[in-house]
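Data from protein15.tsv: TSV, C-alpha atoms
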chain	number	residue	atom	x	y	z
S	1	MET	CA	0.00	0.00	0.00
S	2	LYS	CA	1.38	3.37	-1.01
S	3	ARG	CA	0.88	6.73	0.61
S	4	GLY	CA	-0.28	9.82	-1.24
S	5	CYS	CA	2.22	12.45	-2.29
S	6	ARG	CA	2.52	15.57	-0.14
S	7	PHE	CA	5.13	18.30	-0.23
S	8	SER	CA	7.85	17.86	2.38
S	9	PHE	CA	10.70	20.33	2.79
S	10	HIS	CA	12.92	17.70	4.44
S	11	VAL	CA	12.40	15.22	1.61
S	12	CYS	CA	13.18	17.91	-0.99
S	13	VAL	CA	16.44	18.80	0.79
S	14	ILE	CA	17.53	15.14	0.94
S	15	VAL	CA	16.62	14.54	-2.71
S	16	ALA	CA	18.56	17.65	-3.74
S	17	ALA	CA	21.58	16.42	-1.75
S	18	ILE	CA	21.39	12.98	-3.40
S	19	VAL	CA	21.17	14.52	-6.89
S	20	TYR	CA	24.09	16.87	-6.24
S	21	ILE	CA	26.30	14.17	-4.77
S	22	TYR	CA	25.57	11.82	-7.67
S	23	PHE	CA	26.29	14.30	-10.46
S	24	SER	CA	29.34	15.80	-8.77
S	25	THR	CA	30.79	12.34	-8.08
S	26	VAL	CA	30.23	10.96	-11.58
S	27	PHE	CA	30.83	14.01	-13.78
S	28	ILE	CA	33.49	15.78	-11.70
S	29	PHE	CA	35.42	13.40	-9.43
S	30	ILE	CA	35.31	10.17	-11.45
S	31	ASP	CA	35.77	12.11	-14.69
S	32	GLN	CA	38.81	13.93	-13.23
S	33	TRP	CA	40.40	10.91	-11.61
S	34	PHE	CA	39.80	8.24	-14.27
S	35	GLY	CA	38.03	9.82	-17.23
S	36	LEU	CA	34.49	8.74	-18.11
S	37	ARG	CA	35.65	7.44	-21.48
S	38	SER	CA	38.14	5.03	-19.91
S	39	SER	CA	37.36	1.53	-18.68
S	40	PRO	CA	38.13	2.33	-14.99
S	41	GLY	CA	36.01	5.45	-15.24
S	42	LEU	CA	33.05	3.63	-16.76
S	43	LEU	CA	33.36	0.83	-14.20
S	44	ASN	CA	33.43	3.25	-11.26
S	45	ALA	CA	30.55	5.25	-12.71
S	46	ALA	CA	28.48	2.09	-13.23
S	47	VAL	CA	29.11	0.82	-9.68
S	48	PHE	CA	28.34	4.21	-8.15
S	49	THR	CA	25.18	4.51	-10.28
S	50	CYS	CA	23.96	1.12	-9.02
S	51	LEU	CA	24.58	2.17	-5.42
S	52	ALA	CA	22.81	5.47	-6.02
S	53	LEU	CA	19.80	3.72	-7.55
S	54	MET	CA	19.59	1.37	-4.54
S	55	CYS	CA	19.77	4.39	-2.24
S	56	VAL	CA	16.99	6.19	-4.12
S	57	TYR	CA	14.87	3.01	-4.26
S	58	THR	CA	15.10	2.33	-0.51
S	59	TYR	CA	14.48	5.99	0.29
S	60	ALA	CA	11.42	5.98	-1.96
S	61	LEU	CA	10.14	2.88	-0.16
S	62	ALA	CA	10.62	4.62	3.18
S	63	ILE	CA	8.64	7.62	1.94
S	64	PHE	CA	5.79	6.03	0.00
S	65	THR	CA	5.20	2.70	1.77
S	66	ASP	CA	2.16	2.92	4.02
S	67	PRO	CA	3.16	2.15	7.63
S	68	GLY	CA	-0.09	0.29	8.25
S	69	ARG	CA	-2.92	0.96	10.64
S	70	ILE	CA	-4.86	-0.76	13.39
S	71	PRO	CA	-8.00	-2.50	12.05
S	72	ALA	CA	-11.18	-0.82	13.28
S	73	SER	CA	-12.43	-4.20	14.50
S	74	TYR	CA	-9.39	-4.92	16.67
S	75	VAL	CA	-10.18	-5.58	20.35
S	76	PRO	CA	-7.64	-7.29	22.63
S	77	ASP	CA	-8.89	-10.55	24.09
S	78	VAL	CA	-7.40	-10.87	27.58
S	79	GLU	CA	-8.84	-14.39	27.92
S	80	ASP	CA	-7.19	-15.70	24.76
S	81	ALA	CA	-4.72	-18.38	25.80
S	82	ASP	CA	-2.81	-17.99	22.53
S	83	THR	CA	-2.01	-14.37	23.40
S	84	PRO	CA	-0.20	-14.53	26.74
S	85	MET	CA	1.19	-10.98	26.53
S	86	HIS	CA	-0.67	-7.67	26.60
S	87	GLU	CA	0.91	-4.25	26.94
S	88	ILE	CA	-0.60	-1.99	29.59
S	89	LYS	CA	-0.32	1.68	30.49
S	90	ARG	CA	2.40	2.78	32.90
S	91	LYS	CA	-0.20	4.45	35.07
S	92	GLY	CA	-3.32	2.57	36.06
S	93	GLY	CA	-2.40	-0.76	34.48
S	94	ASP	CA	-5.20	-0.56	31.88
S	95	LEU	CA	-4.88	-1.93	28.36
S	96	ARG	CA	-3.31	0.64	26.04
S	97	TYR	CA	-5.89	2.76	24.26
S	98	CYS	CA	-5.41	5.66	21.85
S	99	GLN	CA	-7.72	8.56	22.61
S	100	LYS	CA	-6.98	10.23	19.27
S	101	CYS	CA	-7.79	7.20	17.13
S	102	ALA	CA	-10.38	5.81	19.58
S	103	LEU	CA	-8.82	2.35	19.19
S	104	HIS	CA	-7.09	-0.18	21.41
S	105	LYS	CA	-3.36	-0.41	20.74
S	106	PRO	CA	-1.90	-3.82	19.82
S	107	PRO	CA	1.55	-4.68	21.23
S	108	ARG	CA	4.33	-2.46	19.86
S	109	ALA	CA	1.89	0.02	18.27
S	110	HIS	CA	2.19	3.77	18.89
S	111	HIS	CA	0.47	6.92	17.64
S	112	CYS	CA	2.33	8.80	14.91
S	113	ARG	CA	1.78	12.55	14.77
S	114	VAL	CA	2.94	12.73	11.14
S	115	CYS	CA	0.61	9.97	9.88
S	116	ASN	CA	-2.10	11.10	12.32
S	117	ARG	CA	-2.89	7.51	13.26
S	118	CYS	CA	-1.54	4.59	15.26
S	119	VAL	CA	1.21	2.66	13.47
S	120	LEU	CA	1.92	-1.04	13.97
S	121	ARG	CA	5.41	-1.66	15.36
S	122	MET	CA	6.39	2.00	15.17
S	123	VAL	CA	10.15	2.44	14.99
S	124	LEU	CA	10.93	6.15	15.17
S	125	LEU	CA	11.28	8.39	18.21
S	126	CYS	CA	15.03	11.13	13.67
S	127	GLY	CA	38.99	14.34	-2.78
S	128	SER	CA	41.71	16.62	-2.09
S	129	LEU	CA	41.74	20.41	-1.89
S	130	THR	CA	45.48	20.84	-2.16
S	131	VAL	CA	46.32	18.95	-5.39
S	132	ASP	CA	44.95	20.47	-8.59
S	133	SER	CA	45.15	19.21	-12.14
S	134	MET	CA	47.90	20.95	-14.08
S	135	THR	CA	45.79	20.95	-17.25
S	136	ASP	CA	42.84	22.87	-15.84
S	137	ASP	CA	42.55	26.55	-16.53
S	138	GLU	CA	41.83	29.01	-13.74
S	139	GLN	CA	38.08	29.05	-14.29
S	140	ASN	CA	37.74	25.25	-14.16
S	141	GLU	CA	40.11	25.15	-11.21
S	142	GLY	CA	37.83	27.46	-9.22
S	143	PHE	CA	34.75	25.46	-10.22
S	144	PHE	CA	36.28	22.14	-9.22
S	145	ARG	CA	37.56	23.55	-5.93
S	146	ALA	CA	34.06	24.81	-5.08
S	147	ALA	CA	32.61	21.39	-5.95
S	148	TYR	CA	35.15	19.72	-3.66
S	149	VAL	CA	34.31	22.05	-0.79
S	150	ILE	CA	30.53	21.65	-1.17
S	151	SER	CA	30.82	17.88	-1.53
S	152	GLY	CA	33.03	17.69	1.54
S	153	LEU	CA	30.58	19.76	3.57
S	154	LEU	CA	27.79	17.41	2.50
S	155	LEU	CA	29.53	14.06	2.54
S	156	VAL	CA	31.50	14.26	5.79
S	157	PRO	CA	28.53	14.92	8.13
S	158	LEU	CA	26.25	12.65	6.08
S	159	THR	CA	28.76	9.81	6.24
S	160	LEU	CA	29.22	10.21	9.99
S	161	ALA	CA	25.47	10.43	10.63
S	162	LEU	CA	24.55	7.50	8.36
S	163	THR	CA	27.34	5.34	9.80
S	164	ILE	CA	26.12	5.97	13.33
S	165	PHE	CA	22.51	5.29	12.32
S	166	MET	CA	23.55	2.12	10.48
S	167	PHE	CA	25.29	0.59	13.50
S	168	TRP	CA	22.46	1.77	15.79
S	169	HIS	CA	19.80	0.08	13.66
S	170	VAL	CA	21.88	-3.08	13.24
S	171	TYR	CA	21.96	-3.25	17.05
S	172	LEU	CA	18.17	-2.71	17.22
S	173	ILE	CA	17.56	-5.43	14.61
S	174	LEU	CA	19.76	-7.91	16.47
S	175	GLN	CA	17.77	-7.15	19.65
S	176	ASN	CA	14.40	-7.10	17.82
S	177	LYS	CA	13.61	-3.66	19.23
S	178	THR	CA	12.22	-0.44	17.87
S	179	THR	CA	13.72	2.87	18.97
S	180	ILE	CA	10.75	3.48	21.24
S	181	GLU	CA	11.08	0.01	22.78
S	182	TYR	CA	14.76	0.63	23.45
S	183	HIS	CA	14.01	3.75	25.52
S	184	GLU	CA	11.11	2.01	27.27
S	185	GLY	CA	13.39	-0.96	27.95
S	186	VAL	CA	15.96	1.26	29.67
S	187	ARG	CA	13.30	2.39	32.14
S	188	ALA	CA	11.95	-1.15	32.54
S	189	MET	CA	15.45	-2.46	33.23
S	190	TRP	CA	16.00	0.24	35.85
S	191	LEU	CA	12.71	-0.59	37.57
S	192	ALA	CA	13.47	-4.33	37.45
S	193	GLU	CA	16.92	-3.88	38.99
S	194	LYS	CA	15.40	-1.62	41.64
S	195	GLY	CA	12.97	-4.40	42.56
S	196	GLY	CA	15.63	-7.12	42.48
S	197	TYR	CA	14.52	-8.67	39.19
S	198	LEU	CA	16.15	-9.29	35.83
S	199	TYR	CA	14.61	-7.70	32.73
S	200	SER	CA	14.75	-9.17	29.25
S	201	HIS	CA	13.13	-7.82	26.11
S	202	PRO	CA	10.05	-10.01	25.53
S	203	TYR	CA	10.43	-10.05	21.74
S	204	ASP	CA	14.10	-11.06	21.73
S	205	LEU	CA	14.27	-14.42	19.92
S	206	GLY	CA	18.02	-14.58	19.40
S	207	ALA	CA	20.10	-12.69	16.85
S	208	TYR	CA	19.32	-14.86	13.80
S	209	GLU	CA	15.56	-15.13	14.39
S	210	ASN	CA	15.43	-11.42	15.21
S	211	MET	CA	16.95	-10.64	11.81
S	212	ILE	CA	14.45	-12.96	10.12
S	213	SER	CA	11.51	-11.28	11.86
S	214	VAL	CA	12.63	-7.89	10.53
S	215	LEU	CA	14.28	-8.64	7.18
S	216	GLY	CA	12.36	-11.77	6.16
S	217	PRO	CA	13.19	-15.49	5.97
S	218	ASN	CA	15.11	-15.30	2.68
S	219	ILE	CA	18.70	-14.24	3.43
S	220	PHE	CA	19.37	-13.40	-0.22
S	221	CYS	CA	16.61	-10.75	-0.14
S	222	TRP	CA	17.99	-8.91	2.89
S	223	VAL	CA	19.86	-6.44	0.67
S	224	CYS	CA	16.68	-5.75	-1.36
S	225	PRO	CA	14.01	-4.52	1.05
S	226	THR	CA	10.37	-5.19	0.26
S	227	SER	CA	7.09	-4.17	1.83
S	228	GLU	CA	6.25	-7.76	2.84
S	229	GLN	CA	6.07	-8.63	6.52
S	230	ILE	CA	5.71	-11.73	8.67
S	231	GLY	CA	2.33	-12.04	10.38
S	232	SER	CA	-0.53	-9.59	10.72
S	233	GLY	CA	1.32	-6.98	12.75
S	234	LEU	CA	-1.21	-7.30	15.58
S	235	ARG	CA	0.78	-9.94	17.41
S	236	PHE	CA	4.49	-10.78	17.44
S	237	ARG	CA	6.32	-13.92	18.45
S	238	THR	CA	7.87	-13.65	21.92
S	239	GLY	CA	10.53	-15.49	23.86
S	240	VAL	CA	7.73	-17.41	25.62
S	241	ASP	CA	6.44	-18.61	22.23
S	242	LYS	CA	9.95	-19.71	21.28
S	243	LEU	CA	10.36	-21.75	24.46
S	244	ALA	CA	6.93	-23.29	23.92
S	245	GLY	CA	7.75	-24.08	20.29
S	246	THR	CA	4.91	-21.94	18.99
S	247	SER	CA	5.23	-20.61	15.45
S	248	PHE	CA	3.04	-18.09	13.63
Would you mind writing the file's structure down as structure tokens?
Amino acid sequence: MKRGCRFSFHVCVIVAAIVYIYFSTVFIFIDQWFGLRSSPGLLNAAVFTCLALMCVYTYALAIFTDPGRIPASYVPDVEDADTPMHEIKRKGGDLRYCQKCALHKPPRAHHCRVCNRCVLRMVLLCGSLTVDSMTDDEQNEGFFRAAYVISGLLLVPLTLALTIFMFWHVYLILQNKTTIEYHEGVRAMWLAEKGGYLYSHPYDLGAYENMISVLGPNIFCWVCPTSEQIGSGLRFRTGVDKLAGTSF
């Protein structure tokens, strides 16, 4: 299911950055270093183009794929023996209920202000400058230097930020947590230690099964994300189900 198109300033900025980085890399850096008419130049340009297309494809999926919604008919059944776990409010101990959507919240669901509805399993909480070519004239030299500076200002912080986010989300996938669940788990762990108990994330099935639950059962498709998911999104396999040998 795809979402409708709406103007977003943030998306426009990121798309502009992607376009600039692609064209400056291919038509300035690769052309200067190897030459686009040479075999190394064409090879580097082809590889970088494939990576850029994968980046644009995954970003488009993140933008246009519908995050899902809670069915209007969903009502938690506290007497269902096949559903041993229900999430409750911190205060009062009642089953989680969204006042804005007027719906009960399944496990791991949270209200999204951007989508204006509750989302199932919501995740979110956010060259060289000194060596110049001797064959360039002064005008080209100034142009290339400016391109190097702008690209450096874009690529360095983007690389640092994306690297940090990559390792952070790899950690979350291995733990089978969303960002919200991580922060809730920190508090739950503190409360458990305060009461003399040990806390473990209820949806942690082990590193390999955690990766399968997020990326799918086919390992060869992990590098090509799809919109398919395992299960209905209203219930997730827990460590108790794993011990009991229950499969969905």
Fewer than 6 positions away in the same chain doesn't count, so skip those; otherwise give me all residues within 10 Å of Ser151 of chain S, counting all atoms listed in the file, as a PyMOL selection string. chain S and resi 17+20-21+24-25+127+145
re atom CA of Gly152 of chain S and atom CA of Phe23 of chain S: distance 14.2 Å
How many Å separate atom CA of His183 of chain S from atom CA of Cys221 of chain S? 29.6 Å
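In this model, the gap between atom CA of Arg113 of chain S and atom CA of Lys100 of chain S comes to 10.1 Å.
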Determine, counting only C-alpha atoms, which protein, DNA and RNA residues have an atom within 6 Å of an atom of segment 195-202 of chain S; residues of the same chain fewer than 4 positions away are not included. Present the result as a PyMOL selection string. chain S and resi 189+238-239
Minimum-distance residue to Tyr97 of chain S, chosen among S:Ile70, S:Leu155, S:Val114, S:Cys224 (using all atoms listed in the file):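 When distances to Tyr97 of chain S are compared using all atoms listed in the file, the smallest one comes from S:Ile70.
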Give me the residues near Val15 of chain S as a ChimeraX atom specification, where near means some atom within 12 Å (using all atoms listed in the file) and where sequence neighbours in that chain fewer than 4 positions away do not count. /S:8-11,19-22,52,55-57,59-60,63
Just the residues within 12 Å of Phe27 of chain S, please, counting all atoms listed in the file, with nothing from its chain fewer than 2 positions along; format it as a list in words. Val19, Tyr20, Ile21, Tyr22, Phe23, Ser24, Thr25, Phe29, Ile30, Asp31, Gln32, Trp33, Phe34, Gly35, Leu36, Arg37, Gly41, Leu42, Asn44, Ala45, Phe48, Thr49, Phe144 and Ala147 of chain S
S:Thr159, S:Lys242, S:Asp204, S:Val47 ranked by distance to Gly185 of chain S, top pick (using only C-alpha atoms):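 The closest residue to Gly185 of chain S is S:Asp204.
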Compare S:Trp168, S:Trp190, S:Trp222, S:Tyr182 by their minimum atom-to-atom distance to Arg108 of chain S, counting only C-alpha atoms, and give me the closest one.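 Between S:Trp168, S:Trp190, S:Trp222, S:Tyr182, the residue approaching Arg108 of chain S most closely is S:Tyr182.
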